[in-house]
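Inspection log for the structure reproduced underneath, given as structure tokens.
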Amino acid sequence: MATTLFDGGTIWRGPGLPDVEQLLVRDGVIVAVGAEALAAVAEDPADESVDLAGGFLMPSFGDGHAHPLFGGLEAEGPAVRACGSVPEIIAEVRRYAEAHPELEWIFGASYDGSLAEGGLFDARWLDEAVSDRPIVLRAWDYHTVWVNTAALNAAGITAETPDPVLGEIPRRDDGSPLGTLREWGAVDLVTAVAPVRSVEERTRALETAGRYYLARGVTWVQDAWVEPGDVDTYVAASARNALPMRFNLAFYADPRHFSAQLPEMVVAAGRVRAVQDPLLTAHTVKFFADGVVENETGALLEPYCSGLHDHGMQVWGSGDGLADAVVAADAAGFQIHVHAIGDAAVRQALDAIERAVRENPARDRRPVIAHVQLLSDADLPRFAELGVIACMQPLWAQLDALMMVLTVPRPGQERADRQYRMRSLEGTGAVLSFGSDWPVSSGDPRDGIAIASSRQTEDGDPAGGWTPHEIVPIDRALHHYSTAVAYQAFADRAAVGWGEIAVGASADLVLFARDPRSAAPHELPRIPILATYLAGQARFRADPSH
């Protein structure tokens, strides 16, 4: 068995634990740290030595809530994410369409929803770019799409088409569909008639996502929206030995079809287990409790300021629908993972999990509520009491243009100042993990940690941080983006655990050029990542010429 000695830098094992300077890895597993590592190599020299060159080695990052396939597929369409105006988007779509005349449909993501008033984009604007074939662009939030007239026609969406269940079709004054479709009930009208993207294209997208993450120190991702075709993609990638990193699949639970879905999820989970790939698991079911605040579909306890959507949208209704489904999925042995943005949705998710805990046999559940953008005082202690992991997106906790233009006006300033209560949750003893929701926002943990530890924009606004009592110290933020995510992933129950620097753990590691704990938060995103290791093997090394 090959042995590798890491030496010559700072090796961080977590908050409250002393740093060490040496780490010995044998066949991908940590066998000694600190003085014990030195003693071991004195008796039996290591086959390889890695000079940390004064760098900072720590457990690799995990992403507790993301959409790697969506992210990878963005590279397979027009590059609209960087566009700063509607005319720029139109020009980029036109350029891409002219370069790809063979495509019957053009898919792209993810445009900035704040570039049009109210997030409402007109199909006729896209018609200027392409009018002879359908165009489908996902917004940054992935809850909204913007389509051209050809796509509306292909889906049969007219002035007479009613708003579907779990969706909204914004309209012009004459009743005709505008070209923006909100939430998946409406989005499904288009995707149902669109061609299915090939397994080859999707496998290529998965590899693209892996390269993106590994360059940022991430070795495990919770894919938080997996449908049957996505299982084919992951299994095909595994069969080709092409999985670039660790993935866990969360099967998407649709309230319109869940009774038929659950048996299929059990079969799909068994199919993944049969692959016996240590990089691939599928033990989670993903529920949406609500939408997002920015289009007023996030479910709130008190109404929105505009009253346009009143209290927002509860995806499973206000009755027992979500709880019934959560109890059933929990009884089938799945981990529960609930998207809950508004305080009413968070309460509904907690109530559903509480019922599962009460009605089903005791076991190690580790249920997750993702986002937790708004949380009432009454529900704050329930996370710790029920053993619920709060998987939050620290990058969102800043007063950037998106927050000021699209978010704050909806709930109003008072409620907006109670968003993302990370430190408060941590103080209750609840497990707090971090995720990015990439490609909704940056998948680079350095970006999220910078915001978590400052509550400021990259320009340093506001002075002292927004809601500074919710600032999370850098060492805790590093923990929430690494070891805490590994706990969410049940890494300690794997054949070889990961997510910590300890004897017996897999050597899943990330090497920084210098110690992030001594940096100002705004400097964190600029600290280079030199290498990312998965089971002791370097899956990413920085180009030394940069």
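As shown in the structure tokens, the chain order sets the letters A, B, ...; within each chain, residues go from 1, and ligands are also counted from 1 in the order they appear.
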List every residue of region 438-511 of chain A that has an atom at most 7 Å from any atom of region 386-408 of chain A, and for each one report the closest atom pair and its distance in Å to one decimal, counting only C-alpha atoms, with rows sorted by chain and then by increasing residue number, as JSON lines.
```
{"residue": "A:Asp447", "atom": "CA", "partner": "A:Leu395", "partner_atom": "CA", "distance": 6.5}
{"residue": "A:Gly448", "atom": "CA", "partner": "A:Leu395", "partner_atom": "CA", "distance": 4.2}
{"residue": "A:Ile449", "atom": "CA", "partner": "A:Pro394", "partner_atom": "CA", "distance": 6.8}
{"residue": "A:Ile451", "atom": "CA", "partner": "A:Leu395", "partner_atom": "CA", "distance": 5.6}
{"residue": "A:Ala452", "atom": "CA", "partner": "A:Pro394", "partner_atom": "CA", "distance": 5.2}
{"residue": "A:Arg455", "atom": "CA", "partner": "A:Gln398", "partner_atom": "CA", "distance": 5.5}
{"residue": "A:Gln456", "atom": "CA", "partner": "A:Gln398", "partner_atom": "CA", "distance": 5.6}
{"residue": "A:Thr457", "atom": "CA", "partner": "A:Gln398", "partner_atom": "CA", "distance": 5.8}
{"residue": "A:Trp466", "atom": "CA", "partner": "A:Gln398", "partner_atom": "CA", "distance": 6.8}
```
Shell of 7 Å around Ala356 (chain A), only C-alpha atoms, local chain residues under 4 positions omitted, as an mmCIF file with N, CA and C atoms, in the first residue's frame:
```cif
data_model
loop_
_atom_site.group_PDB
_atom_site.id
_atom_site.type_symbol
_atom_site.label_atom_id
_atom_site.label_comp_id
_atom_site.auth_asym_id
_atom_site.auth_seq_id
_atom_site.Cartn_x
_atom_site.Cartn_y
_atom_site.Cartn_z
ATOM 1 N N VAL A 326 -43.924 13.203 3.886
ATOM 2 C CA VAL A 326 -42.691 13.088 4.652
ATOM 3 C C VAL A 326 -42.711 11.836 5.522
ATOM 4 N N VAL A 327 -43.829 11.561 6.159
ATOM 5 C CA VAL A 327 -43.945 10.353 6.984
ATOM 6 C C VAL A 327 -43.742 9.108 6.127
ATOM 7 N N ASP A 330 -40.035 8.881 5.036
ATOM 8 C CA ASP A 330 -39.235 8.523 6.204
ATOM 9 C C ASP A 330 -39.422 7.045 6.551
ATOM 10 N N ALA A 352 -43.926 18.592 9.760
ATOM 11 C CA ALA A 352 -43.931 17.316 9.045
ATOM 12 C C ALA A 352 -42.872 16.376 9.609
ATOM 13 N N ASN A 360 -43.007 7.166 13.291
ATOM 14 C CA ASN A 360 -42.159 6.103 12.762
ATOM 15 C C ASN A 360 -41.137 5.653 13.808
#
```
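Here CA of Glu76 (chain A) and CA of Trp438 (chain A) stand 15.9 Å from one another.
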Please identify the alpha helix (DSSP H) residues within region 261-430 of chain A (assignment by DSSP from backbone atoms) and present them as a PDB file with N, CA and C atoms, in the first residue's frame.
```
ATOM      1  N   GLN A 261     -44.718   7.995  -7.235  1.00  0.00           N
ATOM      2  CA  GLN A 261     -43.271   8.213  -7.240  1.00  0.00           C
ATOM      3  C   GLN A 261     -42.539   7.392  -6.194  1.00  0.00           C
ATOM      4  N   LEU A 262     -43.093   7.291  -4.994  1.00  0.00           N
ATOM      5  CA  LEU A 262     -42.339   6.707  -3.889  1.00  0.00           C
ATOM      6  C   LEU A 262     -41.864   5.286  -4.193  1.00  0.00           C
ATOM      7  N   PRO A 263     -42.705   4.401  -4.709  1.00  0.00           N
ATOM      8  CA  PRO A 263     -42.179   3.065  -5.051  1.00  0.00           C
ATOM      9  C   PRO A 263     -41.062   3.132  -6.096  1.00  0.00           C
ATOM     10  N   GLU A 264     -41.175   4.073  -7.031  1.00  0.00           N
ATOM     11  CA  GLU A 264     -40.131   4.224  -8.043  1.00  0.00           C
ATOM     12  C   GLU A 264     -38.827   4.717  -7.412  1.00  0.00           C
ATOM     13  N   MET A 265     -38.940   5.573  -6.399  1.00  0.00           N
ATOM     14  CA  MET A 265     -37.748   6.055  -5.690  1.00  0.00           C
ATOM     15  C   MET A 265     -37.038   4.907  -4.972  1.00  0.00           C
ATOM     16  N   VAL A 266     -37.814   4.030  -4.379  1.00  0.00           N
ATOM     17  CA  VAL A 266     -37.225   2.876  -3.696  1.00  0.00           C
ATOM     18  C   VAL A 266     -36.447   2.019  -4.692  1.00  0.00           C
ATOM     19  N   VAL A 267     -37.026   1.803  -5.872  1.00  0.00           N
ATOM     20  CA  VAL A 267     -36.346   1.020  -6.906  1.00  0.00           C
ATOM     21  C   VAL A 267     -35.083   1.735  -7.378  1.00  0.00           C
ATOM     22  N   ALA A 268     -35.178   3.054  -7.601  1.00  0.00           N
ATOM     23  CA  ALA A 268     -34.021   3.817  -8.068  1.00  0.00           C
ATOM     24  C   ALA A 268     -32.898   3.804  -7.040  1.00  0.00           C
ATOM     25  N   ALA A 269     -33.244   3.911  -5.759  1.00  0.00           N
ATOM     26  CA  ALA A 269     -32.223   3.862  -4.712  1.00  0.00           C
ATOM     27  C   ALA A 269     -31.534   2.502  -4.703  1.00  0.00           C
ATOM     28  N   GLY A 270     -32.303   1.449  -4.897  1.00  0.00           N
ATOM     29  CA  GLY A 270     -31.720   0.120  -4.976  1.00  0.00           C
ATOM     30  C   GLY A 270     -30.828  -0.041  -6.184  1.00  0.00           C
ATOM     31  N   ARG A 271     -31.202   0.594  -7.264  1.00  0.00           N
ATOM     32  CA  ARG A 271     -30.387   0.548  -8.481  1.00  0.00           C
ATOM     33  C   ARG A 271     -29.029   1.212  -8.242  1.00  0.00           C
ATOM     34  N   VAL A 272     -29.032   2.330  -7.519  1.00  0.00           N
ATOM     35  CA  VAL A 272     -27.778   3.015  -7.217  1.00  0.00           C
ATOM     36  C   VAL A 272     -26.936   2.182  -6.254  1.00  0.00           C
ATOM     37  N   ARG A 273     -27.574   1.601  -5.248  1.00  0.00           N
ATOM     38  CA  ARG A 273     -26.824   0.750  -4.303  1.00  0.00           C
ATOM     39  C   ARG A 273     -26.161  -0.412  -5.029  1.00  0.00           C
ATOM     40  N   ALA A 274     -26.855  -0.958  -6.034  1.00  0.00           N
ATOM     41  CA  ALA A 274     -26.324  -2.115  -6.757  1.00  0.00           C
ATOM     42  C   ALA A 274     -25.046  -1.779  -7.526  1.00  0.00           C
ATOM     43  N   VAL A 275     -24.861  -0.509  -7.846  1.00  0.00           N
ATOM     44  CA  VAL A 275     -23.654  -0.089  -8.546  1.00  0.00           C
ATOM     45  C   VAL A 275     -22.421  -0.277  -7.660  1.00  0.00           C
ATOM     46  N   GLY A 321     -50.824  17.411   3.542  1.00  0.00           N
ATOM     47  CA  GLY A 321     -50.189  16.789   2.384  1.00  0.00           C
ATOM     48  C   GLY A 321     -48.692  16.599   2.544  1.00  0.00           C
ATOM     49  N   LEU A 322     -47.988  17.649   2.965  1.00  0.00           N
ATOM     50  CA  LEU A 322     -46.539  17.531   3.124  1.00  0.00           C
ATOM     51  C   LEU A 322     -46.202  16.545   4.232  1.00  0.00           C
ATOM     52  N   ALA A 323     -46.883  16.629   5.360  1.00  0.00           N
ATOM     53  CA  ALA A 323     -46.592  15.730   6.473  1.00  0.00           C
ATOM     54  C   ALA A 323     -46.852  14.279   6.091  1.00  0.00           C
ATOM     55  N   ASP A 324     -47.937  14.028   5.388  1.00  0.00           N
ATOM     56  CA  ASP A 324     -48.234  12.647   4.968  1.00  0.00           C
ATOM     57  C   ASP A 324     -47.099  12.101   4.091  1.00  0.00           C
ATOM     58  N   ALA A 325     -46.630  12.930   3.153  1.00  0.00           N
ATOM     59  CA  ALA A 325     -45.575  12.486   2.244  1.00  0.00           C
ATOM     60  C   ALA A 325     -44.252  12.295   2.977  1.00  0.00           C
ATOM     61  N   VAL A 326     -43.924  13.203   3.886  1.00  0.00           N
ATOM     62  CA  VAL A 326     -42.691  13.088   4.652  1.00  0.00           C
ATOM     63  C   VAL A 326     -42.711  11.836   5.522  1.00  0.00           C
ATOM     64  N   VAL A 327     -43.829  11.561   6.159  1.00  0.00           N
ATOM     65  CA  VAL A 327     -43.945  10.353   6.984  1.00  0.00           C
ATOM     66  C   VAL A 327     -43.742   9.108   6.127  1.00  0.00           C
ATOM     67  N   ALA A 328     -44.319   9.096   4.929  1.00  0.00           N
ATOM     68  CA  ALA A 328     -44.189   7.929   4.045  1.00  0.00           C
ATOM     69  C   ALA A 328     -42.744   7.752   3.571  1.00  0.00           C
ATOM     70  N   ALA A 329     -42.104   8.835   3.177  1.00  0.00           N
ATOM     71  CA  ALA A 329     -40.714   8.743   2.713  1.00  0.00           C
ATOM     72  C   ALA A 329     -39.787   8.339   3.857  1.00  0.00           C
ATOM     73  N   ASP A 330     -40.035   8.881   5.036  1.00  0.00           N
ATOM     74  CA  ASP A 330     -39.235   8.523   6.204  1.00  0.00           C
ATOM     75  C   ASP A 330     -39.422   7.045   6.551  1.00  0.00           C
ATOM     76  N   ALA A 331     -40.648   6.561   6.468  1.00  0.00           N
ATOM     77  CA  ALA A 331     -40.919   5.156   6.762  1.00  0.00           C
ATOM     78  C   ALA A 331     -40.211   4.236   5.768  1.00  0.00           C
ATOM     79  N   ASP A 343     -41.024  31.715   6.442  1.00  0.00           N
ATOM     80  CA  ASP A 343     -41.212  31.209   7.806  1.00  0.00           C
ATOM     81  C   ASP A 343     -42.398  30.270   7.925  1.00  0.00           C
ATOM     82  N   ALA A 344     -43.429  30.453   7.085  1.00  0.00           N
ATOM     83  CA  ALA A 344     -44.545  29.514   7.114  1.00  0.00           C
ATOM     84  C   ALA A 344     -44.121  28.154   6.558  1.00  0.00           C
ATOM     85  N   ALA A 345     -43.291  28.154   5.529  1.00  0.00           N
ATOM     86  CA  ALA A 345     -42.805  26.898   4.959  1.00  0.00           C
ATOM     87  C   ALA A 345     -41.881  26.183   5.930  1.00  0.00           C
ATOM     88  N   VAL A 346     -41.016  26.923   6.619  1.00  0.00           N
ATOM     89  CA  VAL A 346     -40.131  26.313   7.601  1.00  0.00           C
ATOM     90  C   VAL A 346     -40.953  25.652   8.702  1.00  0.00           C
ATOM     91  N   ARG A 347     -42.000  26.343   9.164  1.00  0.00           N
ATOM     92  CA  ARG A 347     -42.848  25.742  10.206  1.00  0.00           C
ATOM     93  C   ARG A 347     -43.537  24.482   9.697  1.00  0.00           C
ATOM     94  N   GLN A 348     -44.049  24.526   8.475  1.00  0.00           N
ATOM     95  CA  GLN A 348     -44.713  23.350   7.916  1.00  0.00           C
ATOM     96  C   GLN A 348     -43.737  22.180   7.796  1.00  0.00           C
ATOM     97  N   ALA A 349     -42.492  22.474   7.391  1.00  0.00           N
ATOM     98  CA  ALA A 349     -41.479  21.415   7.274  1.00  0.00           C
ATOM     99  C   ALA A 349     -41.142  20.826   8.639  1.00  0.00           C
ATOM    100  N   LEU A 350     -40.972  21.679   9.633  1.00  0.00           N
ATOM    101  CA  LEU A 350     -40.698  21.190  10.990  1.00  0.00           C
ATOM    102  C   LEU A 350     -41.852  20.351  11.516  1.00  0.00           C
ATOM    103  N   ASP A 351     -43.077  20.794  11.268  1.00  0.00           N
ATOM    104  CA  ASP A 351     -44.244  20.026  11.714  1.00  0.00           C
ATOM    105  C   ASP A 351     -44.263  18.644  11.054  1.00  0.00           C
ATOM    106  N   ALA A 352     -43.926  18.592   9.760  1.00  0.00           N
ATOM    107  CA  ALA A 352     -43.931  17.316   9.045  1.00  0.00           C
ATOM    108  C   ALA A 352     -42.872  16.376   9.609  1.00  0.00           C
ATOM    109  N   ILE A 353     -41.681  16.906   9.865  1.00  0.00           N
ATOM    110  CA  ILE A 353     -40.611  16.075  10.421  1.00  0.00           C
ATOM    111  C   ILE A 353     -40.963  15.629  11.841  1.00  0.00           C
ATOM    112  N   GLU A 354     -41.547  16.520  12.608  1.00  0.00           N
ATOM    113  CA  GLU A 354     -41.951  16.156  13.974  1.00  0.00           C
ATOM    114  C   GLU A 354     -42.940  14.988  13.950  1.00  0.00           C
ATOM    115  N   ARG A 355     -43.844  15.015  12.993  1.00  0.00           N
ATOM    116  CA  ARG A 355     -44.805  13.915  12.901  1.00  0.00           C
ATOM    117  C   ARG A 355     -44.123  12.608  12.503  1.00  0.00           C
ATOM    118  N   ALA A 356     -43.143  12.679  11.602  1.00  0.00           N
ATOM    119  CA  ALA A 356     -42.407  11.470  11.218  1.00  0.00           C
ATOM    120  C   ALA A 356     -41.651  10.900  12.403  1.00  0.00           C
ATOM    121  N   VAL A 357     -41.033  11.765  13.192  1.00  0.00           N
ATOM    122  CA  VAL A 357     -40.311  11.310  14.385  1.00  0.00           C
ATOM    123  C   VAL A 357     -41.263  10.647  15.370  1.00  0.00           C
ATOM    124  N   ARG A 358     -42.454  11.198  15.470  1.00  0.00           N
ATOM    125  CA  ARG A 358     -43.441  10.677  16.428  1.00  0.00           C
ATOM    126  C   ARG A 358     -44.051   9.361  15.964  1.00  0.00           C
ATOM    127  N   GLU A 359     -44.325   9.219  14.688  1.00  0.00           N
ATOM    128  CA  GLU A 359     -45.087   8.076  14.202  1.00  0.00           C
ATOM    129  C   GLU A 359     -44.229   6.907  13.726  1.00  0.00           C
ATOM    130  N   ARG A 382     -36.651  24.502  17.568  1.00  0.00           N
ATOM    131  CA  ARG A 382     -37.162  23.202  17.141  1.00  0.00           C
ATOM    132  C   ARG A 382     -36.156  22.423  16.307  1.00  0.00           C
ATOM    133  N   PHE A 383     -35.214  23.108  15.648  1.00  0.00           N
ATOM    134  CA  PHE A 383     -34.208  22.399  14.865  1.00  0.00           C
ATOM    135  C   PHE A 383     -33.394  21.469  15.763  1.00  0.00           C
ATOM    136  N   ALA A 384     -32.892  22.023  16.865  1.00  0.00           N
ATOM    137  CA  ALA A 384     -32.105  21.197  17.784  1.00  0.00           C
ATOM    138  C   ALA A 384     -32.971  20.138  18.444  1.00  0.00           C
ATOM    139  N   GLU A 385     -34.178  20.500  18.817  1.00  0.00           N
ATOM    140  CA  GLU A 385     -35.062  19.559  19.508  1.00  0.00           C
ATOM    141  C   GLU A 385     -35.403  18.354  18.641  1.00  0.00           C
ATOM    142  N   LEU A 386     -35.561  18.571  17.343  1.00  0.00           N
ATOM    143  CA  LEU A 386     -35.951  17.490  16.431  1.00  0.00           C
ATOM    144  C   LEU A 386     -34.757  16.868  15.703  1.00  0.00           C
ATOM    145  N   ALA A 401     -27.286  43.762  -4.812  1.00  0.00           N
ATOM    146  CA  ALA A 401     -28.341  44.316  -5.665  1.00  0.00           C
ATOM    147  C   ALA A 401     -29.556  43.413  -5.708  1.00  0.00           C
ATOM    148  N   LEU A 402     -29.342  42.118  -5.761  1.00  0.00           N
ATOM    149  CA  LEU A 402     -30.459  41.184  -5.795  1.00  0.00           C
ATOM    150  C   LEU A 402     -31.313  41.314  -4.540  1.00  0.00           C
ATOM    151  N   GLN A 413     -38.629  45.837   5.097  1.00  0.00           N
ATOM    152  CA  GLN A 413     -37.327  45.927   5.736  1.00  0.00           C
ATOM    153  C   GLN A 413     -37.270  45.189   7.065  1.00  0.00           C
ATOM    154  N   GLU A 414     -38.327  45.279   7.880  1.00  0.00           N
ATOM    155  CA  GLU A 414     -38.284  44.647   9.200  1.00  0.00           C
ATOM    156  C   GLU A 414     -38.077  43.142   9.089  1.00  0.00           C
ATOM    157  N   ARG A 415     -38.848  42.483   8.249  1.00  0.00           N
ATOM    158  CA  ARG A 415     -38.670  41.041   8.081  1.00  0.00           C
ATOM    159  C   ARG A 415     -37.387  40.723   7.333  1.00  0.00           C
ATOM    160  N   ALA A 416     -37.018  41.573   6.401  1.00  0.00           N
ATOM    161  CA  ALA A 416     -35.777  41.334   5.660  1.00  0.00           C
ATOM    162  C   ALA A 416     -34.579  41.307   6.599  1.00  0.00           C
ATOM    163  N   MET A 422     -28.107  32.485  11.008  1.00  0.00           N
ATOM    164  CA  MET A 422     -27.112  31.414  11.145  1.00  0.00           C
ATOM    165  C   MET A 422     -26.572  31.312  12.568  1.00  0.00           C
ATOM    166  N   ARG A 423     -26.102  32.417  13.098  1.00  0.00           N
ATOM    167  CA  ARG A 423     -25.516  32.376  14.441  1.00  0.00           C
ATOM    168  C   ARG A 423     -26.568  32.027  15.480  1.00  0.00           C
ATOM    169  N   SER A 424     -27.789  32.499  15.283  1.00  0.00           N
ATOM    170  CA  SER A 424     -28.866  32.190  16.218  1.00  0.00           C
ATOM    171  C   SER A 424     -29.154  30.698  16.239  1.00  0.00           C
ATOM    172  N   LEU A 425     -29.215  30.079  15.067  1.00  0.00           N
ATOM    173  CA  LEU A 425     -29.439  28.631  14.995  1.00  0.00           C
ATOM    174  C   LEU A 425     -28.284  27.874  15.620  1.00  0.00           C
ATOM    175  N   GLU A 426     -27.080  28.300  15.314  1.00  0.00           N
ATOM    176  CA  GLU A 426     -25.898  27.649  15.878  1.00  0.00           C
ATOM    177  C   GLU A 426     -25.940  27.709  17.399  1.00  0.00           C
ATOM    178  N   GLY A 427     -26.419  28.846  17.930  1.00  0.00           N
ATOM    179  CA  GLY A 427     -26.474  29.018  19.378  1.00  0.00           C
ATOM    180  C   GLY A 427     -27.457  28.110  20.079  1.00  0.00           C
TER     181      GLY A 427
END
```
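The residue that comes closest to Glu227 (chain A), out of A:His371, A:Ala2, A:Ala109, A:His67 and on the basis of only C-alpha atoms, is A:His67.
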Among listed residues A:Ala378, A:Leu524, A:Ala486, A:Ala332, nearest Ala505 (chain A) (using only C-alpha atoms): A:Ala486
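Compared by their closest atoms to Gln222 (chain A), and using only C-alpha atoms, the residues A:His65, A:His283, A:Arg124, A:Arg421 rank with A:His65 nearest.
Considering the residues A:Pro462, A:Gly14, A:Pro367, A:Pro255 and counting only C-alpha atoms, Ala489 (chain A) has its shortest atom-to-atom contact with A:Pro367.
Neighbours of Val93 (chain A) closer than or equal to 8 Å, with only C-alpha atoms counted and sequence neighbours fewer than 3 positions away skipped, come out as Pro78, Ala79, Val80, Ile89, Ile90, Tyr96, Ala97, Ala129 and Val130 of chain A.
Taking CA of Ala224 (chain A) and CA of Val368 (chain A) as the two end points, the separation is 11.1 Å.
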Selection: 7 Å around region 25-28 of chain A, only C-alpha atoms, excl. self and same-chain fewer than 4 positions, as a PyMOL selection string: chain A and resi 1-5+506-507+535-536
Take the residues from that selection and write them out as a PDB file, in the first residue's frame, keeping all heavy atoms.
```pdb
ATOM      1  N   MET A   1       0.837  -1.186   0.000  1.00  0.00           N
ATOM      2  CA  MET A   1       0.000   0.000   0.000  1.00  0.00           C
ATOM      3  C   MET A   1       0.878   1.245   0.000  1.00  0.00           C
ATOM      4  O   MET A   1       1.777   1.385   0.814  1.00  0.00           O
ATOM      5  CB  MET A   1      -0.909   0.020   1.238  1.00  0.00           C
ATOM      6  CG  MET A   1      -1.929  -1.120   1.283  1.00  0.00           C
ATOM      7  SD  MET A   1      -3.020  -0.957   2.692  1.00  0.00           S
ATOM      8  CE  MET A   1      -4.009  -2.449   2.491  1.00  0.00           C
ATOM      9  N   ALA A   2       0.604   2.187  -0.890  1.00  0.00           N
ATOM     10  CA  ALA A   2       1.394   3.403  -1.007  1.00  0.00           C
ATOM     11  C   ALA A   2       1.100   4.340   0.154  1.00  0.00           C
ATOM     12  O   ALA A   2      -0.043   4.464   0.603  1.00  0.00           O
ATOM     13  CB  ALA A   2       1.081   4.093  -2.324  1.00  0.00           C
ATOM     14  N   THR A   3       2.139   5.007   0.648  1.00  0.00           N
ATOM     15  CA  THR A   3       1.983   5.965   1.736  1.00  0.00           C
ATOM     16  C   THR A   3       2.441   7.343   1.271  1.00  0.00           C
ATOM     17  O   THR A   3       3.379   7.468   0.474  1.00  0.00           O
ATOM     18  CB  THR A   3       2.790   5.553   2.980  1.00  0.00           C
ATOM     19  OG1 THR A   3       4.162   5.384   2.613  1.00  0.00           O
ATOM     20  CG2 THR A   3       2.248   4.269   3.571  1.00  0.00           C
ATOM     21  N   THR A   4       1.752   8.368   1.775  1.00  0.00           N
ATOM     22  CA  THR A   4       2.082   9.758   1.448  1.00  0.00           C
ATOM     23  C   THR A   4       2.157  10.561   2.732  1.00  0.00           C
ATOM     24  O   THR A   4       1.239  10.496   3.563  1.00  0.00           O
ATOM     25  CB  THR A   4       1.014  10.373   0.516  1.00  0.00           C
ATOM     26  OG1 THR A   4       0.895   9.577  -0.662  1.00  0.00           O
ATOM     27  CG2 THR A   4       1.387  11.792   0.137  1.00  0.00           C
ATOM     28  N   LEU A   5       3.222  11.324   2.871  1.00  0.00           N
ATOM     29  CA  LEU A   5       3.380  12.210   4.017  1.00  0.00           C
ATOM     30  C   LEU A   5       3.149  13.647   3.570  1.00  0.00           C
ATOM     31  O   LEU A   5       3.801  14.134   2.641  1.00  0.00           O
ATOM     32  CB  LEU A   5       4.780  12.084   4.621  1.00  0.00           C
ATOM     33  CG  LEU A   5       5.076  13.039   5.800  1.00  0.00           C
ATOM     34  CD1 LEU A   5       4.261  12.638   7.022  1.00  0.00           C
ATOM     35  CD2 LEU A   5       6.561  13.069   6.111  1.00  0.00           C
ATOM     36  N   SER A 506     -11.064   8.810   5.339  1.00  0.00           N
ATOM     37  CA  SER A 506     -10.565   8.983   3.981  1.00  0.00           C
ATOM     38  C   SER A 506      -9.863  10.333   3.879  1.00  0.00           C
ATOM     39  O   SER A 506     -10.303  11.336   4.449  1.00  0.00           O
ATOM     40  CB  SER A 506     -11.718   8.927   2.979  1.00  0.00           C
ATOM     41  OG  SER A 506     -11.268   9.145   1.662  1.00  0.00           O
ATOM     42  N   ALA A 507      -8.776  10.381   3.131  1.00  0.00           N
ATOM     43  CA  ALA A 507      -8.001  11.614   2.976  1.00  0.00           C
ATOM     44  C   ALA A 507      -8.636  12.489   1.901  1.00  0.00           C
ATOM     45  O   ALA A 507      -8.118  12.645   0.792  1.00  0.00           O
ATOM     46  CB  ALA A 507      -6.555  11.291   2.644  1.00  0.00           C
ATOM     47  N   ALA A 535      -9.760  10.743  -1.393  1.00  0.00           N
ATOM     48  CA  ALA A 535      -9.150   9.481  -0.976  1.00  0.00           C
ATOM     49  C   ALA A 535      -7.643   9.482  -1.253  1.00  0.00           C
ATOM     50  O   ALA A 535      -7.077   8.515  -1.765  1.00  0.00           O
ATOM     51  CB  ALA A 535      -9.832   8.297  -1.659  1.00  0.00           C
ATOM     52  N   GLY A 536      -7.015  10.605  -0.915  1.00  0.00           N
ATOM     53  CA  GLY A 536      -5.565  10.704  -1.022  1.00  0.00           C
ATOM     54  C   GLY A 536      -5.026  11.009  -2.393  1.00  0.00           C
ATOM     55  O   GLY A 536      -3.820  11.245  -2.549  1.00  0.00           O
TER      56      GLY A 536
END
```
Near-Thr161 (chain A) list (10 Å; only C-alpha atoms; drop same-chain fewer than 5 positions) as a PyMOL selection string: chain A and resi 156+169+175-177
Proximity to Val187 (chain A) - best of A:Ala494, A:Ala155, A:Leu214, A:Ala99, only C-alpha atoms: A:Ala155
For Gly412 (chain A), the nearest of the candidates A:Asp173, A:Asp377, A:Asp461, A:Glu294, counting only C-alpha atoms: A:Glu294
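Going from CA of Ser131 (chain A) to CA of Pro439 (chain A) covers 27.4 Å.
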